[in-house]
>>> print(open('input-v7.cif').read())   # mmCIF, C-alpha atoms
data_model
loop_
_atom_site.label_atom_id
_atom_site.label_comp_id
_atom_site.auth_asym_id
_atom_site.auth_seq_id
_atom_site.Cartn_x
_atom_site.Cartn_y
_atom_site.Cartn_z
CA MET A 35 62.80 -243.94 -92.82
CA ASN A 36 66.50 -243.56 -92.10
CA GLN A 37 67.76 -241.98 -95.32
CA LEU A 38 71.38 -242.66 -94.42
CA GLY A 39 71.01 -246.40 -93.86
CA PRO A 40 69.86 -249.41 -95.87
CA THR A 41 66.26 -249.35 -97.05
CA SER A 42 65.71 -253.06 -96.37
CA VAL A 43 67.22 -255.98 -94.52
CA VAL A 44 68.42 -257.43 -97.81
CA ALA A 45 70.27 -254.19 -98.57
CA ALA A 46 71.79 -254.18 -95.07
CA LEU A 47 72.95 -257.78 -95.43
CA LYS A 48 74.53 -257.19 -98.81
CA GLU A 49 76.23 -254.05 -97.53
CA ARG A 50 77.69 -255.89 -94.53
CA ILE A 51 78.86 -258.85 -96.63
CA CYS A 52 80.47 -256.62 -99.26
CA SER A 53 82.34 -254.74 -96.53
CA THR A 54 84.19 -257.90 -95.43
CA LEU A 55 87.39 -259.17 -96.98
CA GLU A 56 86.05 -262.74 -97.19
CA GLN A 57 82.65 -261.65 -98.59
CA ARG A 58 80.77 -263.49 -95.85
CA ILE A 59 79.33 -262.92 -92.39
CA SER A 60 78.66 -265.33 -89.52
CA PHE A 61 75.13 -266.65 -89.10
CA ARG A 62 75.09 -264.84 -85.78
CA ASP A 63 75.56 -261.51 -87.58
CA TYR A 64 73.04 -262.51 -90.25
CA MET A 65 70.41 -263.19 -87.58
CA GLU A 66 71.18 -259.95 -85.76
CA ILE A 67 70.68 -257.90 -88.94
CA CYS A 68 67.49 -259.76 -89.87
CA LEU A 69 65.95 -259.12 -86.47
CA TYR A 70 67.50 -255.91 -85.16
CA GLN A 71 68.72 -253.74 -88.04
CA ASP A 72 67.62 -250.19 -87.25
CA VAL A 73 64.18 -249.34 -88.70
CA VAL A 74 63.98 -252.28 -91.14
CA GLY A 75 64.79 -255.34 -88.97
CA TYR A 76 61.95 -257.66 -87.97
CA TYR A 77 61.77 -256.38 -84.38
CA ARG A 78 62.40 -252.77 -85.40
CA LYS A 79 59.75 -252.26 -88.09
CA ASP A 80 56.20 -251.04 -87.63
CA LEU A 81 54.60 -254.46 -87.81
CA ILE A 82 52.23 -256.42 -85.57
CA LYS A 83 54.11 -259.51 -84.43
CA ILE A 84 52.10 -260.95 -81.53
CA GLY A 85 48.56 -262.31 -81.55
CA LYS A 86 46.05 -263.33 -84.22
CA GLN A 87 47.18 -260.66 -86.69
CA GLY A 88 50.87 -261.33 -86.06
CA ASP A 89 53.22 -264.26 -86.46
CA PHE A 90 53.10 -265.96 -83.04
CA TYR A 91 51.49 -265.95 -79.61
CA THR A 92 53.21 -265.38 -76.27
CA SER A 93 52.05 -266.46 -72.82
CA SER A 94 50.98 -262.88 -72.03
CA SER A 95 48.78 -262.81 -75.14
CA ILE A 96 46.66 -265.67 -73.75
CA GLY A 97 44.29 -263.90 -71.39
CA THR A 98 45.70 -261.90 -68.47
CA VAL A 99 46.77 -264.70 -66.17
CA MET A 100 50.52 -264.81 -66.90
CA GLY A 101 51.14 -261.26 -65.77
CA GLU A 102 48.96 -261.83 -62.72
CA MET A 103 50.99 -264.87 -61.71
CA VAL A 104 54.30 -262.99 -62.07
CA ALA A 105 52.84 -260.23 -59.89
CA THR A 106 51.89 -262.86 -57.28
CA PHE A 107 55.41 -264.28 -57.31
CA LEU A 108 56.97 -260.84 -56.85
CA TYR A 109 54.62 -259.96 -54.01
CA ASN A 110 55.28 -263.24 -52.18
CA HIS A 111 59.03 -262.86 -52.71
CA LEU A 112 58.97 -259.36 -51.25
CA ARG A 113 56.65 -260.27 -48.39
CA ALA A 114 59.06 -263.02 -47.30
CA GLN A 115 61.80 -260.40 -46.88
CA PHE A 116 60.15 -257.19 -45.69
CA ASN A 117 57.55 -256.09 -43.18
CA LEU A 118 57.49 -252.63 -44.70
CA PHE A 119 58.02 -252.65 -48.46
CA PRO A 120 60.96 -250.59 -49.71
CA PRO A 121 61.16 -248.89 -53.12
CA ILE A 122 61.50 -251.54 -55.81
CA GLU A 123 62.16 -251.45 -59.52
CA ILE A 124 60.63 -253.91 -61.97
CA VAL A 125 62.48 -253.90 -65.27
CA GLU A 126 60.85 -255.57 -68.25
CA TRP A 127 63.24 -256.26 -71.10
CA GLY A 128 61.73 -256.24 -74.58
CA GLY A 129 58.12 -255.82 -73.49
CA GLY A 130 56.58 -256.03 -76.97
CA ASN A 131 53.10 -254.57 -77.04
CA GLY A 132 52.99 -253.92 -73.27
CA ARG A 133 50.47 -256.61 -72.36
CA MET A 134 52.65 -258.26 -69.71
CA ALA A 135 53.34 -254.92 -68.03
CA LEU A 136 49.65 -254.03 -68.04
CA GLN A 137 48.62 -257.38 -66.57
CA LEU A 138 51.27 -257.22 -63.85
CA LEU A 139 50.58 -253.61 -62.88
CA ASN A 140 46.81 -254.11 -62.84
CA GLU A 141 47.16 -257.12 -60.56
CA MET A 142 49.66 -255.41 -58.26
CA LYS A 143 47.44 -252.35 -57.95
CA ARG A 144 44.43 -254.53 -57.17
CA ALA A 145 45.96 -257.14 -54.86
CA ALA A 146 48.98 -255.37 -53.35
CA PRO A 147 48.50 -251.59 -53.42
CA ASP A 148 51.21 -251.17 -50.77
CA VAL A 149 53.74 -252.67 -53.20
CA TYR A 150 52.27 -250.84 -56.19
CA ASP A 151 52.78 -247.48 -54.46
CA MET A 152 56.49 -248.26 -53.95
CA LEU A 153 57.39 -249.55 -57.39
CA THR A 154 58.87 -248.13 -60.54
CA TYR A 155 58.24 -250.12 -63.72
CA THR A 156 60.99 -249.60 -66.28
CA LEU A 157 60.56 -250.83 -69.82
CA VAL A 158 63.87 -251.36 -71.60
CA GLU A 159 62.89 -251.02 -75.22
CA SER A 160 64.94 -250.16 -78.29
CA SER A 161 62.10 -250.31 -80.83
CA ALA A 162 60.27 -247.01 -81.33
CA TYR A 163 57.25 -248.91 -82.63
CA HIS A 164 56.98 -251.14 -79.58
CA ARG A 165 57.65 -248.26 -77.21
CA GLN A 166 54.65 -246.42 -78.67
CA LEU A 167 52.48 -249.52 -78.23
CA GLN A 168 53.60 -249.75 -74.60
CA GLN A 169 52.89 -246.08 -73.95
CA ASP A 170 49.41 -246.47 -75.41
CA SER A 171 48.71 -249.57 -73.30
CA LEU A 172 49.98 -248.19 -70.00
CA VAL A 173 48.33 -244.77 -69.84
CA GLU A 174 46.58 -245.55 -66.56
CA HIS A 175 49.92 -246.42 -64.90
CA VAL A 176 51.89 -243.47 -66.28
CA GLU A 177 53.05 -242.35 -62.81
CA ARG A 178 54.68 -245.71 -62.17
CA ILE A 179 56.45 -246.34 -65.49
CA ARG A 180 59.44 -245.05 -67.40
CA PHE A 181 61.08 -245.95 -70.71
CA LEU A 182 64.82 -246.38 -71.24
CA ASP A 183 67.12 -248.02 -73.73
CA GLU A 184 69.58 -250.64 -72.54
CA ALA A 185 72.61 -248.36 -72.37
CA ALA A 186 70.81 -245.73 -70.30
CA TRP A 187 69.54 -248.27 -67.77
CA LEU A 188 72.87 -250.06 -67.44
CA ASN A 189 74.65 -246.75 -66.86
CA GLU A 190 72.55 -245.99 -63.78
CA PRO A 191 74.08 -246.75 -60.34
CA PRO A 192 73.56 -250.33 -59.04
CA CYS A 193 70.47 -250.60 -56.82
CA ASN A 194 68.83 -252.93 -54.35
CA ASN A 195 65.49 -254.62 -55.02
CA VAL A 196 65.72 -254.76 -58.80
CA TYR A 197 63.46 -257.35 -60.43
CA VAL A 198 64.12 -258.01 -64.11
CA LEU A 199 61.48 -259.73 -66.24
CA ALA A 200 62.27 -261.25 -69.64
CA ASN A 201 59.31 -262.98 -71.29
CA GLU A 202 60.37 -264.73 -74.53
CA LEU A 203 63.43 -262.54 -74.93
CA LEU A 204 66.45 -264.84 -74.91
CA ASP A 205 65.16 -267.12 -77.67
CA ALA A 206 65.52 -264.20 -80.11
CA PHE A 207 69.11 -263.30 -79.19
CA PRO A 208 71.44 -263.90 -82.17
CA ILE A 209 73.02 -267.35 -81.97
CA HIS A 210 76.11 -269.05 -83.35
CA ARG A 211 75.03 -271.94 -85.59
CA LEU A 212 77.40 -274.89 -85.31
CA GLN A 213 77.90 -278.29 -86.91
CA TYR A 214 80.00 -281.31 -85.99
CA LYS A 215 81.46 -283.09 -89.00
CA ASP A 216 84.66 -284.99 -89.70
CA GLN A 217 85.39 -284.91 -85.94
CA THR A 218 85.64 -281.12 -86.03
CA PHE A 219 83.26 -278.29 -85.14
CA HIS A 220 82.29 -275.89 -87.90
CA GLU A 221 80.48 -272.55 -87.78
CA SER A 222 77.85 -271.32 -90.20
CA TYR A 223 78.58 -268.32 -92.43
CA VAL A 224 76.31 -266.63 -94.95
CA ILE A 225 77.30 -265.46 -98.41
CA TRP A 226 75.35 -263.82 -101.23
CA GLN A 227 75.32 -265.58 -104.58
CA GLU A 228 74.61 -262.88 -107.15
CA GLN A 229 74.33 -265.36 -110.02
CA GLU A 230 71.42 -267.30 -108.49
CA PRO A 231 70.51 -264.89 -106.75
CA CYS A 232 70.26 -266.41 -103.26
CA TRP A 233 71.72 -266.64 -99.78
CA GLN A 234 74.06 -269.57 -99.28
CA GLU A 235 75.20 -271.16 -96.04
CA SER A 236 78.87 -272.07 -95.79
CA TRP A 237 80.40 -274.14 -92.98
CA LEU A 238 83.95 -273.28 -91.95
CA PRO A 239 86.14 -274.94 -89.29
CA LEU A 240 85.68 -273.30 -85.90
CA GLN A 241 88.71 -271.34 -84.77
CA PRO A 242 90.11 -271.52 -81.20
CA GLY A 243 88.31 -269.18 -78.85
CA ARG A 244 85.33 -268.76 -76.59
CA ILE A 245 82.93 -270.94 -78.58
CA LEU A 246 85.29 -273.89 -78.89
CA ASP A 247 86.24 -273.60 -75.20
CA TYR A 248 82.59 -273.98 -74.28
CA LEU A 249 81.95 -276.90 -76.64
CA ASN A 250 84.96 -278.75 -75.25
CA THR A 251 83.42 -278.66 -71.75
CA LEU A 252 80.31 -280.55 -72.87
CA GLU A 253 79.92 -284.27 -72.29
CA VAL A 254 78.05 -284.89 -75.52
CA GLN A 255 78.34 -287.77 -77.95
CA TRP A 256 78.20 -285.65 -81.08
CA GLN A 257 76.80 -287.31 -84.20
CA GLU A 258 78.26 -286.75 -87.66
CA GLY A 259 76.55 -283.75 -89.20
CA GLN A 260 74.76 -282.73 -85.99
CA ILE A 261 73.77 -279.05 -85.86
CA SER A 262 73.46 -277.05 -82.66
CA GLU A 263 73.23 -273.45 -81.49
CA LEU A 264 75.14 -271.41 -78.93
CA ASN A 265 73.66 -268.26 -77.40
CA LEU A 266 76.60 -266.28 -75.99
CA GLU A 267 74.44 -263.13 -75.92
CA ALA A 268 72.49 -264.66 -73.02
CA VAL A 269 75.69 -265.21 -71.03
CA ASP A 270 76.78 -261.61 -71.50
CA TRP A 271 73.29 -260.38 -70.66
CA TYR A 272 73.37 -261.93 -67.19
CA VAL A 273 76.76 -260.34 -66.55
CA ARG A 274 75.44 -256.89 -67.49
CA LEU A 275 72.38 -257.31 -65.31
CA SER A 276 74.39 -258.45 -62.31
CA ASN A 277 76.61 -255.38 -62.52
CA ARG A 278 73.49 -253.19 -62.32
CA MET A 279 71.83 -255.07 -59.44
CA LEU A 280 72.81 -255.15 -55.77
CA SER A 281 69.88 -257.41 -54.91
CA GLY A 282 66.75 -258.74 -56.55
CA CYS A 283 66.18 -261.39 -59.17
CA VAL A 284 65.93 -262.03 -62.90
CA ILE A 285 62.83 -263.90 -64.11
CA THR A 286 63.28 -265.49 -67.52
CA ILE A 287 60.29 -267.16 -69.18
CA ASP A 288 61.06 -268.89 -72.46
CA TYR A 289 61.00 -272.13 -74.37
CA GLY A 290 64.09 -274.27 -74.05
CA ASP A 291 65.69 -276.95 -71.92
CA VAL A 292 68.91 -278.19 -70.34
CA GLU A 293 71.97 -279.21 -72.36
CA GLU A 294 71.29 -282.94 -72.16
CA GLU A 295 68.03 -282.41 -74.04
CA LEU A 296 69.14 -279.70 -76.46
CA TYR A 297 72.21 -281.63 -77.66
CA ALA A 298 70.55 -285.06 -77.69
CA THR A 299 70.77 -287.17 -80.85
CA HIS A 300 67.09 -286.66 -81.70
CA ARG A 301 67.84 -282.95 -82.17
CA HIS A 302 70.21 -283.67 -85.03
CA GLN A 303 69.19 -280.50 -86.88
CA GLY A 304 69.26 -278.23 -83.82
CA THR A 305 66.35 -276.12 -82.58
CA LEU A 306 66.37 -273.09 -84.86
CA MET A 307 62.86 -272.19 -86.05
CA CYS A 308 61.21 -269.41 -88.01
CA TYR A 309 57.66 -268.08 -87.64
CA ARG A 310 55.48 -266.12 -90.03
CA LYS A 311 51.69 -265.80 -89.95
CA HIS A 312 51.58 -268.61 -87.36
CA GLU A 313 53.35 -271.06 -89.62
CA ALA A 314 56.64 -272.59 -88.48
CA HIS A 315 59.57 -273.79 -90.57
CA ASP A 316 63.36 -274.09 -90.27
CA ASN A 317 64.65 -272.00 -93.19
CA PRO A 318 66.06 -268.67 -91.93
CA PHE A 319 67.04 -267.59 -95.46
CA ILE A 320 63.47 -267.03 -96.67
CA ASP A 321 62.39 -263.38 -96.75
CA PRO A 322 65.00 -262.01 -94.32
CA GLY A 323 63.53 -259.37 -92.06
CA GLU A 324 59.96 -260.55 -92.66
CA GLN A 325 59.90 -263.49 -90.24
CA ASP A 326 60.87 -264.26 -86.66
CA ILE A 327 64.00 -266.40 -86.13
CA THR A 328 64.46 -268.17 -82.81
CA ALA A 329 66.30 -271.01 -81.08
CA HIS A 330 65.59 -272.86 -77.85
CA VAL A 331 67.19 -271.34 -74.77
CA ASN A 332 69.97 -273.38 -73.16
CA PHE A 333 69.02 -273.05 -69.50
CA SER A 334 72.08 -274.97 -68.34
CA LEU A 335 74.19 -272.23 -69.89
CA CYS A 336 71.97 -269.57 -68.31
CA GLN A 337 72.40 -271.14 -64.88
CA GLU A 338 76.18 -271.27 -65.25
CA ALA A 339 76.24 -267.68 -66.50
CA ALA A 340 74.08 -266.41 -63.64
CA VAL A 341 76.16 -268.10 -60.92
CA SER A 342 79.41 -266.87 -62.50
CA ALA A 343 77.98 -263.36 -62.67
CA GLY A 344 77.22 -263.25 -58.95
CA PHE A 345 73.67 -264.55 -58.54
CA GLU A 346 73.63 -266.71 -55.42
CA SER A 347 70.77 -269.11 -56.11
CA PHE A 348 68.17 -269.95 -58.70
CA VAL A 349 64.87 -271.68 -59.35
CA PHE A 350 64.31 -273.65 -62.54
CA GLN A 351 60.95 -275.23 -63.33
CA THR A 352 58.40 -275.71 -66.06
CA GLN A 353 55.90 -272.96 -66.70
CA ARG A 354 53.21 -275.31 -65.42
CA GLN A 355 55.02 -275.80 -62.10
CA PHE A 356 55.52 -272.06 -61.73
CA LEU A 357 51.89 -271.25 -62.42
CA VAL A 358 50.58 -273.92 -60.05
CA GLU A 359 52.90 -272.72 -57.27
CA GLN A 360 51.60 -269.18 -57.70
CA GLY A 361 47.99 -270.34 -57.33
CA ILE A 362 46.65 -270.42 -60.87
CA LEU A 363 44.29 -273.30 -60.08
CA GLU A 364 42.50 -271.06 -57.58
CA LYS A 365 41.64 -268.73 -60.45
CA LEU A 366 39.67 -271.42 -62.29
CA GLN A 367 35.96 -270.82 -61.79
CA ASN A 368 34.19 -274.15 -61.53
CA HIS A 369 30.58 -273.15 -62.07
CA PHE A 370 29.10 -274.00 -65.45
CA ASP A 371 28.68 -271.10 -67.86
CA PRO A 372 26.73 -271.96 -71.04
CA ASN A 373 28.06 -268.87 -72.82
CA PRO A 374 31.45 -269.74 -74.38
CA PHE A 375 32.14 -266.04 -74.98
CA SER A 376 31.58 -264.88 -71.41
CA GLU A 377 34.49 -263.48 -69.43
CA VAL A 378 34.41 -266.52 -67.11
CA SER A 379 34.57 -268.97 -70.02
CA LYS A 380 37.35 -267.06 -71.78
CA ARG A 381 39.38 -266.83 -68.58
CA ASN A 382 39.00 -270.55 -67.85
CA ARG A 383 40.09 -271.40 -71.40
CA SER A 384 43.19 -269.22 -71.14
CA ILE A 385 44.17 -270.88 -67.84
CA ARG A 386 43.73 -274.36 -69.30
CA GLN A 387 45.71 -273.37 -72.39
CA LEU A 388 48.61 -272.27 -70.19
CA LEU A 389 48.48 -275.54 -68.23
CA ILE A 390 47.87 -278.30 -70.79
CA SER A 391 50.82 -280.68 -70.80
CA ASP A 392 51.09 -280.97 -74.58
CA GLY A 393 51.36 -277.21 -75.06
CA MET A 394 53.56 -274.43 -73.80
CA SER A 395 53.26 -275.51 -70.15
CA GLU A 396 56.07 -278.08 -70.42
CA LEU A 397 58.05 -276.64 -73.32
CA PHE A 398 58.26 -273.25 -71.61
CA LYS A 399 60.50 -272.92 -68.58
CA VAL A 400 60.81 -270.35 -65.83
CA PHE A 401 64.33 -269.58 -64.63
CA ILE A 402 64.68 -267.24 -61.64
CA ALA A 403 68.22 -266.10 -60.75
CA ILE A 404 68.32 -264.54 -57.28
CA LYS A 405 70.78 -262.00 -55.92
CA LYS A 406 70.48 -261.47 -52.19
CA GLY A 407 72.98 -258.65 -51.75
CA GLU A 408 74.68 -257.65 -48.55
CA PRO A 409 72.76 -258.06 -45.28
CA ALA A 410 71.48 -254.82 -43.80
#
>>> encode(input="input-v7.cif", output="structure tokens")
Amino acid sequence: MNQLGPTSVVAALKERICSTLEQRISFRDYMEICLYQDVVGYYRKDLIKIGKQGDFYTSSSIGTVMGEMVATFLYNHLRAQFNLFPPIEIVEWGGGNGRMALQLLNEMKRAAPDVYDMLTYTLVESSAYHRQLQQDSLVEHVERIRFLDEAAWLNEPPCNNVYVLANELLDAFPIHRLQYKDQTFHESYVIWQEQEPCWQESWLPLQPGRILDYLNTLEVQWQEGQISELNLEAVDWYVRLSNRMLSGCVITIDYGDVEEELYATHRHQGTLMCYRKHEAHDNPFIDPGEQDITAHVNFSLCQEAAVSAGFESFVFQTQRQFLVEQGILEKLQNHFDPNPFSEVSKRNRSIRQLLISDGMSELFKVFIAIKKGEPA
């Protein structure tokens, strides 16, 4: 435990609030502390978060198919450009327990050993707990992998053939929480009420600046009291990546949609959700630091950010479309297996779970921003 810092998220929040003149912090800062405060934040603590024993599932926790399909995409993308594969770097951002990396590397080693022999797999991870899980999972690929924090990777010279993978990363970036009322935009702030005691949300008129500039560009018929979110961290992330990449692509897999859907009237309360022990609710002020806090990714904003940052083209599709294009249906084994616990049965179930239209297959999107670089 860091003896010099707060011993809990609650202590960190109170400390930050008390350090301000106004005795409040923005919801964006509240969310950042809850999730990323060193040692004690939700994503920093030694706590299982993914799978049956955790708080939520990810696509890579459903069988091994997701990582295999990403490997297939990368191989096909490279094969379309090169006869002889050059050195490439795959960079996974926030790789959690390492399952996606393991699936991808296993499939690449099996199906494309010529690519596998030329790749370096970098895991950008700031959590010591998750880094240890990744090291334990990837022992058999130790010669191909390395671990860096964000600053160290970004400080390396720009390179060609860099392929960044972000699986359910952007939805957990801290967001600005906004509300339209009395024909004016307001931003959410958090204060601590010692008398109650409780956290209290306070809405203050939005000041001129980057957030208001963005909101004024939207063609949205805002409803009185409508709440929305803005993820500026995602915009800045694409800029940082572009500066580090001469060519390659960024593959973002996450739940979200385009602006027309995210700011539609039926989303009057926004998209912010919290997850704990596989139960979902919309109150981020319960047990700060003990639950996941997320918001749908605005892929329209991501597309604009990527193009502005220098990516030349992009692909945007549902997870289902992506998986079908990469050949997932060919992995379904059609023969009848009476044993529901056999490997064939479990694999078929995981494929169907990734494809069913009322599940993550339509809600989840795949956004691929491509940077072609200078011709040789």
>>> atom_distance(input="input-v7.cif", atom1="CA of Gln351 (chain A)", atom2="CA of Ser334 (chain A)")
12.2 Å
>>> residues_around(input="input-v7.cif", residues="region 134-140 of chain A", least_positions_apart="5", cutoff="12 Å", atoms="only C-alpha atoms", output="PyMOL selection string")
chain A and resi 92-109+124-129+145-147+149-158+167-180+198-202+287
>>> resolve_selection(input="input-v7.cif", expression="the PyMOL selection byres ((chain A and resi 273) around 10)", output="list of chain:residue names")
A:Ala268, A:Val269, A:Asp270, A:Trp271, A:Tyr272, A:Arg274, A:Leu275, A:Ser276, A:Asn277, A:Arg278, A:Ala339, A:Ala340, A:Val341, A:Ser342, A:Ala343, A:Gly344, A:Phe345
>>> write_last_selection(input="input-v7.cif", atoms="C-alpha atoms", output="tab-separated table (two decimals), in the coordinates of the input")
chain	number	residue	atom	x	y	z
A	268	ALA	CA	72.49	-264.66	-73.02
A	269	VAL	CA	75.69	-265.21	-71.03
A	270	ASP	CA	76.78	-261.61	-71.50
A	271	TRP	CA	73.29	-260.38	-70.66
A	272	TYR	CA	73.37	-261.93	-67.19
A	274	ARG	CA	75.44	-256.89	-67.49
A	275	LEU	CA	72.38	-257.31	-65.31
A	276	SER	CA	74.39	-258.45	-62.31
A	277	ASN	CA	76.61	-255.38	-62.52
A	278	ARG	CA	73.49	-253.19	-62.32
A	339	ALA	CA	76.24	-267.68	-66.50
A	340	ALA	CA	74.08	-266.41	-63.64
A	341	VAL	CA	76.16	-268.10	-60.92
A	342	SER	CA	79.41	-266.87	-62.50
A	343	ALA	CA	77.98	-263.36	-62.67
A	344	GLY	CA	77.22	-263.25	-58.95
A	345	PHE	CA	73.67	-264.55	-58.54
>>> resolve_selection(input="input-v7.cif", expression="the PyMOL selection byres ((chain A and resi 187-194) around 10)", output="PyMOL selection string")
chain A and resi 120-123+125+156-158+181-186+195-197+274-282+405-408
>>> atom_distance(input="input-v7.cif", atom1="CA of Arg133 (chain A)", atom2="CA of Val43 (chain A)")
27.8 Å
>>> resolve_selection(input="input-v7.cif", expression="the PyMOL selection byres ((chain A and resi 353-360) around 7)", output="VMD selection string")
chain A and resid 103 106 to 107 351 to 352 361 to 363 389 395 to 396 398 to 400
>>> atom_distance(input="input-v7.cif", atom1="CA of Cys232 (chain A)", atom2="CA of Asp316 (chain A)")
16.6 Å
>>> closest_residue(input="input-v7.cif", among="A:Met65, A:Ala114, A:Val224, A:Val73", to="Ile51 (chain A)", atoms="only C-alpha atoms")
A:Val224
>>> residues_around(input="input-v7.cif", residues="Gly304 (chain A)", least_positions_apart="3", cutoff="8 Å", atoms="all atoms listed in the file", output="ChimeraX atom specification")
/A:260-263,296-297,301
>>> closest_residue(input="input-v7.cif", among="A:Tyr309, A:Asn110, A:Tyr214, A:Tyr223", to="Met142 (chain A)", atoms="only C-alpha atoms")
A:Asn110
>>> closest_residue(input="input-v7.cif", among="A:Leu264, A:Glu230, A:Asp321, A:Met307", to="Ser42 (chain A)", atoms="only C-alpha atoms")
A:Asp321
>>> axis_aligned_box(input="input-v7.cif", around="region 214-220 of chain A", padding_each_side="8 Å", output="JSON")
{"center_x": 82.8, "center_y": -280.4, "center_z": -87.4, "size_x": 21.6, "size_y": 25.1, "size_z": 20.6}
>>> closest_residue(input="input-v7.cif", among="A:Gln257, A:Glu267, A:Glu346, A:Leu238", to="Ile59 (chain A)", atoms="only C-alpha atoms")
A:Leu238
>>> decode(input="input-v7.cif", residues="region 325-341 of chain A", atoms="N, CA and C atoms", output="CSV table (one decimal), in the first residue's frame")
chain,number,residue,atom,x,y,z
A,325,GLN,N,-16.9,-0.3,-8.0
A,325,GLN,CA,-17.7,-0.7,-9.2
A,325,GLN,C,-17.1,-0.1,-10.5
A,326,ASP,N,-17.4,-0.7,-11.6
A,326,ASP,CA,-17.0,-0.1,-12.9
A,326,ASP,C,-18.0,1.0,-13.3
A,327,ILE,N,-17.4,2.0,-13.9
A,327,ILE,CA,-18.3,3.1,-14.4
A,327,ILE,C,-17.9,3.3,-15.9
A,328,THR,N,-18.9,3.3,-16.7
A,328,THR,CA,-18.7,3.4,-18.2
A,328,THR,C,-19.7,4.2,-18.8
A,329,ALA,N,-19.4,4.6,-20.1
A,329,ALA,CA,-20.4,5.3,-20.9
A,329,ALA,C,-20.2,4.8,-22.4
A,330,HIS,N,-21.2,4.8,-23.1
A,330,HIS,CA,-21.1,4.4,-24.5
A,330,HIS,C,-20.1,5.3,-25.3
A,331,VAL,N,-19.4,4.6,-26.2
A,331,VAL,CA,-18.4,5.3,-27.0
A,331,VAL,C,-19.1,6.1,-28.1
A,332,ASN,N,-18.8,7.3,-28.3
A,332,ASN,CA,-19.3,8.1,-29.5
A,332,ASN,C,-18.3,7.9,-30.6
A,333,PHE,N,-18.7,7.0,-31.5
A,333,PHE,CA,-17.9,6.6,-32.7
A,333,PHE,C,-17.8,7.7,-33.7
A,334,SER,N,-18.8,8.6,-33.8
A,334,SER,CA,-18.7,9.7,-34.7
A,334,SER,C,-17.6,10.6,-34.2
A,335,LEU,N,-17.5,10.9,-33.0
A,335,LEU,CA,-16.4,11.7,-32.4
A,335,LEU,C,-15.0,11.0,-32.7
A,336,CYS,N,-15.0,9.7,-32.5
A,336,CYS,CA,-13.7,8.9,-32.8
A,336,CYS,C,-13.3,9.1,-34.2
A,337,GLN,N,-14.3,9.0,-35.1
A,337,GLN,CA,-13.9,9.1,-36.5
A,337,GLN,C,-13.4,10.5,-36.9
A,338,GLU,N,-14.0,11.5,-36.3
A,338,GLU,CA,-13.6,12.9,-36.6
A,338,GLU,C,-12.2,13.1,-36.0
A,339,ALA,N,-11.9,12.5,-34.8
A,339,ALA,CA,-10.7,12.6,-34.1
A,339,ALA,C,-9.6,11.9,-34.9
A,340,ALA,N,-9.9,10.7,-35.4
A,340,ALA,CA,-8.9,10.0,-36.1
A,340,ALA,C,-8.5,10.7,-37.4
A,341,VAL,N,-9.4,11.2,-38.2
A,341,VAL,CA,-9.1,11.9,-39.4
A,341,VAL,C,-8.3,13.1,-39.2
